[in-house]
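Asks: Have a peek at work_22.cif (mmCIF, C-alpha atoms).
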```
data_run
#
loop_
_atom_site.group_PDB
_atom_site.id
_atom_site.type_symbol
_atom_site.label_atom_id
_atom_site.label_comp_id
_atom_site.auth_asym_id
_atom_site.auth_seq_id
_atom_site.Cartn_x
_atom_site.Cartn_y
_atom_site.Cartn_z
ATOM 1 C CA MET A 147 -28.287 -63.547 -33.914
ATOM 2 C CA PRO A 148 -24.950 -62.286 -32.792
ATOM 3 C CA HIS A 149 -24.884 -59.681 -30.118
ATOM 4 C CA GLU A 150 -23.486 -56.446 -31.216
ATOM 5 C CA LEU A 151 -21.430 -54.690 -28.616
ATOM 6 C CA ARG A 152 -21.763 -50.992 -28.898
ATOM 7 C CA VAL A 153 -19.142 -48.871 -27.239
ATOM 8 C CA ARG A 154 -19.911 -45.263 -26.761
ATOM 9 C CA PRO A 155 -17.066 -42.866 -26.185
ATOM 10 C CA PHE A 156 -17.065 -41.457 -22.691
ATOM 11 C CA ALA A 157 -18.349 -37.940 -22.490
ATOM 12 C CA ALA A 158 -18.792 -36.288 -19.144
ATOM 13 C CA PRO A 159 -22.056 -34.459 -18.795
ATOM 14 C CA ARG A 160 -21.551 -30.750 -19.346
ATOM 15 C CA HIS A 161 -22.537 -29.773 -15.823
ATOM 16 C CA THR A 162 -19.966 -32.217 -14.387
ATOM 17 C CA LEU A 163 -17.172 -30.717 -16.464
ATOM 18 C CA GLY A 164 -18.052 -27.218 -15.261
ATOM 19 C CA ILE A 165 -18.123 -28.335 -11.637
ATOM 20 C CA THR A 166 -14.782 -30.095 -12.046
ATOM 21 C CA LEU A 167 -13.164 -27.017 -13.563
ATOM 22 C CA ALA A 168 -14.614 -24.763 -10.863
ATOM 23 C CA ALA A 169 -13.431 -27.102 -8.104
ATOM 24 C CA GLY A 170 -9.951 -27.229 -9.629
ATOM 25 C CA ALA A 171 -9.772 -23.445 -9.835
ATOM 26 C CA LEU A 172 -10.890 -23.070 -6.223
ATOM 27 C CA THR A 173 -8.348 -25.644 -5.107
ATOM 28 C CA LEU A 174 -5.531 -23.827 -6.890
ATOM 29 C CA ALA A 175 -6.707 -20.508 -5.479
ATOM 30 C CA GLY A 176 -6.771 -22.031 -2.006
ATOM 31 C CA ILE A 177 -3.271 -23.401 -2.391
ATOM 32 C CA ALA A 178 -1.988 -20.036 -3.588
ATOM 33 C CA SER A 179 -3.644 -18.121 -0.767
ATOM 34 C CA THR A 180 -2.557 -20.499 1.974
ATOM 35 C CA SER A 181 1.019 -20.957 0.824
ATOM 36 C CA VAL A 182 3.535 -20.561 3.597
ATOM 37 C CA LYS A 183 5.077 -17.123 3.601
ATOM 38 C CA ALA A 184 8.350 -16.823 5.423
ATOM 39 C CA GLU A 185 8.372 -14.168 8.070
ATOM 40 C CA PRO A 186 11.302 -11.827 7.622
ATOM 41 C CA ALA A 187 13.981 -12.882 10.027
ATOM 42 C CA ALA A 188 15.044 -10.437 12.671
ATOM 43 C CA PRO A 189 18.149 -8.629 11.467
ATOM 44 C CA ARG A 190 21.374 -10.071 12.763
ATOM 45 C CA ALA A 191 23.730 -7.953 14.827
ATOM 46 C CA PRO A 192 26.552 -6.355 12.803
ATOM 47 C CA GLU A 193 29.146 -8.018 15.026
ATOM 48 C CA ALA A 194 27.660 -11.444 14.241
ATOM 49 C CA ILE A 195 27.612 -10.751 10.505
ATOM 50 C CA TYR A 196 31.209 -9.530 10.605
ATOM 51 C CA ARG A 197 32.291 -12.604 12.551
ATOM 52 C CA SER A 198 30.505 -15.046 10.206
ATOM 53 C CA SER A 199 30.948 -13.349 6.830
ATOM 54 C CA CYS A 200 33.874 -10.918 6.935
ATOM 55 C CA SER A 201 36.457 -11.736 9.576
ATOM 56 C CA PHE A 202 37.925 -14.841 7.974
ATOM 57 C CA CYS A 203 39.387 -12.753 5.164
ATOM 58 C CA HIS A 204 39.474 -9.266 6.678
ATOM 59 C CA GLY A 205 41.867 -9.189 9.560
ATOM 60 C CA HIS A 206 42.712 -12.889 9.442
ATOM 61 C CA GLN A 207 46.403 -13.615 9.208
ATOM 62 C CA ILE A 208 47.247 -16.806 7.336
ATOM 63 C CA ALA A 209 50.848 -16.406 8.494
ATOM 64 C CA PRO A 210 52.570 -13.714 10.562
ATOM 65 C CA GLY A 211 52.152 -10.452 8.647
ATOM 66 C CA ILE A 212 50.280 -12.085 5.744
ATOM 67 C CA ARG A 213 46.590 -11.316 5.398
ATOM 68 C CA VAL A 214 43.982 -12.642 3.004
ATOM 69 C CA ALA A 215 42.393 -9.165 2.770
ATOM 70 C CA PRO A 216 42.942 -5.845 4.555
ATOM 71 C CA GLU A 217 41.718 -5.210 8.054
ATOM 72 C CA LEU A 218 38.517 -3.163 7.964
ATOM 73 C CA LEU A 219 38.125 -2.206 11.606
ATOM 74 C CA GLY A 220 39.671 1.004 12.849
ATOM 75 C CA ARG A 221 40.143 2.540 9.383
ATOM 76 C CA ALA A 222 37.168 4.948 9.455
ATOM 77 C CA LEU A 223 35.976 3.713 6.059
ATOM 78 C CA GLU A 224 32.934 5.377 4.524
ATOM 79 C CA PRO A 225 29.739 3.320 4.998
ATOM 80 C CA GLN A 226 28.803 3.911 1.326
ATOM 81 C CA SER A 227 32.117 2.388 0.207
ATOM 82 C CA ILE A 228 31.623 -0.628 2.437
ATOM 83 C CA THR A 229 28.113 -1.135 1.052
ATOM 84 C CA TYR A 230 29.385 -0.902 -2.533
ATOM 85 C CA PHE A 231 32.176 -3.415 -1.942
ATOM 86 C CA VAL A 232 29.904 -5.879 -0.147
ATOM 87 C CA ARG A 233 27.326 -5.856 -2.970
ATOM 88 C CA ASN A 234 29.784 -5.767 -5.898
ATOM 89 C CA GLY A 235 32.760 -7.783 -4.660
ATOM 90 C CA PRO A 236 35.805 -6.039 -6.160
ATOM 91 C CA ARG A 237 38.834 -8.046 -7.273
ATOM 92 C CA GLY A 238 38.842 -11.418 -5.550
ATOM 93 C CA MET A 239 36.190 -10.570 -2.967
ATOM 94 C CA LEU A 240 32.863 -12.330 -3.147
ATOM 95 C CA ALA A 241 29.771 -10.209 -3.688
ATOM 96 C CA PHE A 242 27.114 -10.744 -1.039
ATOM 97 C CA ARG A 243 23.520 -10.902 -2.283
ATOM 98 C CA LYS A 244 20.514 -9.512 -0.457
ATOM 99 C CA VAL A 245 19.615 -13.041 0.616
ATOM 100 C CA ASP A 246 23.062 -13.326 2.248
ATOM 101 C CA ILE A 247 23.030 -9.926 3.959
ATOM 102 C CA SER A 248 19.838 -7.905 3.786
ATOM 103 C CA ASP A 249 19.921 -4.186 2.962
ATOM 104 C CA ARG A 250 18.954 -3.417 6.542
ATOM 105 C CA GLU A 251 21.733 -5.634 7.913
ATOM 106 C CA LEU A 252 24.243 -4.186 5.456
ATOM 107 C CA GLU A 253 23.425 -0.631 6.470
ATOM 108 C CA ALA A 254 24.000 -1.505 10.139
ATOM 109 C CA LEU A 255 27.159 -3.485 9.305
ATOM 110 C CA ALA A 256 28.644 -0.608 7.266
ATOM 111 C CA LYS A 257 28.009 1.870 10.083
ATOM 112 C CA TRP A 258 29.454 -0.539 12.637
ATOM 113 C CA ILE A 259 32.620 -1.155 10.601
ATOM 114 C CA ALA A 260 33.040 2.570 9.929
ATOM 115 C CA SER A 261 32.867 3.430 13.622
ATOM 116 C CA SER A 262 34.729 0.424 15.062
ATOM 117 C CA PRO A 263 38.148 0.881 16.643
ATOM 118 C CA ALA A 264 41.111 -1.093 15.441
ATOM 119 C CA PRO A 265 41.525 -4.488 17.115
ATOM 120 C CA ALA A 266 43.794 -4.522 20.167
ATOM 121 C CA GLY A 267 47.455 -4.549 19.180
ATOM 122 C CA GLN A 268 46.602 -3.607 15.604
ATOM 123 C CA VAL A 269 48.447 -0.762 13.914
ATOM 124 C CA LYS A 270 46.182 1.365 11.738
ATOM 125 C CA SER A 271 46.970 0.774 8.041
#
```
Can you give me the file's structure in the form of structure tokens?

Replies:
Amino acid sequence: MPHELRVRPFAAPRHTLGITLAAGALTLAGIASTSVKAEPAAPRAPEAIYRSSCSFCHGHQIAPGIRVAPELLGRALEPQSITYFVRNGPRGMLAFRKVDISDRELEALAKWIASSPAPAGQVKS
């Protein structure tokens, strides 16, 4: 008599499937609740932002008397105008996103630029 090999399809017991699904859901919930949340960085000083993000174009002379963009310091510009230009980037200027310069940093930067004197030896334009 030949042996008949019976193969039954695998079926997990119902209680095992429920436990597996519950464990998976708890694992995902745990991952979501323990994900690393970046602490907001302390705002940078306006002078540092100006030096790293603005000064190369604004106030930088590529040759005697030739500037990439107008000098901003010492012109008593309105802080609202500065904020608009920074966020919208008119003409050839780059627009800076909130991840580049936060709203809080931009507010401080605009006030600082608006109240800054012209650089030494600079004629107001």

Asks: Compile the contact shell of range 201-205 of chain A as a PDB file with C-alpha atoms, in the frame of the given file: residues with an atom at most 7 Å away, counting all atoms listed in the file, same-chain residues fewer than 2 positions apart removed.

Replies:
```
ATOM      1  CA  TYR A 196      31.209  -9.530  10.605  1.00  0.00           C
ATOM      2  CA  ARG A 197      32.291 -12.604  12.551  1.00  0.00           C
ATOM      3  CA  SER A 198      30.505 -15.046  10.206  1.00  0.00           C
ATOM      4  CA  SER A 199      30.948 -13.349   6.830  1.00  0.00           C
ATOM      5  CA  GLN A 207      46.403 -13.615   9.208  1.00  0.00           C
ATOM      6  CA  ARG A 213      46.590 -11.316   5.398  1.00  0.00           C
ATOM      7  CA  VAL A 214      43.982 -12.642   3.004  1.00  0.00           C
ATOM      8  CA  ALA A 215      42.393  -9.165   2.770  1.00  0.00           C
ATOM      9  CA  PRO A 216      42.942  -5.845   4.555  1.00  0.00           C
ATOM     10  CA  GLU A 217      41.718  -5.210   8.054  1.00  0.00           C
ATOM     11  CA  LEU A 218      38.517  -3.163   7.964  1.00  0.00           C
TER      12      LEU A 218
END
```

Asks: What's around Val232 in chain A at 7 Å? Count only C-alpha atoms, leave out sequence neighbours fewer than 4 positions away in its own chain, and write the answer as a ChimeraX atom specification.

Replies: /A:228,241-242

Asks: At a cut-off of 9 Å, using all atoms listed in the file, what residues contact Pro225 in chain A? Leave out same-chain residues fewer than 2 positions from it and give the result as a ChimeraX atom specification.

Replies: /A:222-223,227-230,253,255-260

Asks: Do you have the CA of Ser261 in chain A-CA of Ile195 in chain A distance handy?

Replies: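 Calculated distance between CA of Ser261 in chain A and CA of Ile195 in chain A is 15.4 Å.
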
Asks: Give, as AutoDock Vina command-line options, the centre coordinates and the x, y and z edge lengths in Å to one decimal for an axis-aligned box around all listed atoms of range 196-211 of chain A, padded by 6 Å on each side.

Replies:
```
--center_x 41.5 --center_y -13.0 --center_z 8.9 --size_x 34.1 --size_y 19.6 --size_z 19.4
```

Asks: Quick one, how far is CA of Met239 in chain A from CA of Pro189 in chain A?

Replies: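 Pair CA of Met239 in chain A / CA of Pro189 in chain A returns 23.2 Å.
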
Asks: Expressed in Å to a single decimal, how great is the separation between CA of Gly238 in chain A and CA of Arg250 in chain A?

Replies: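 About the pair CA of Gly238 in chain A and CA of Arg250 in chain A: they are 24.6 Å apart.
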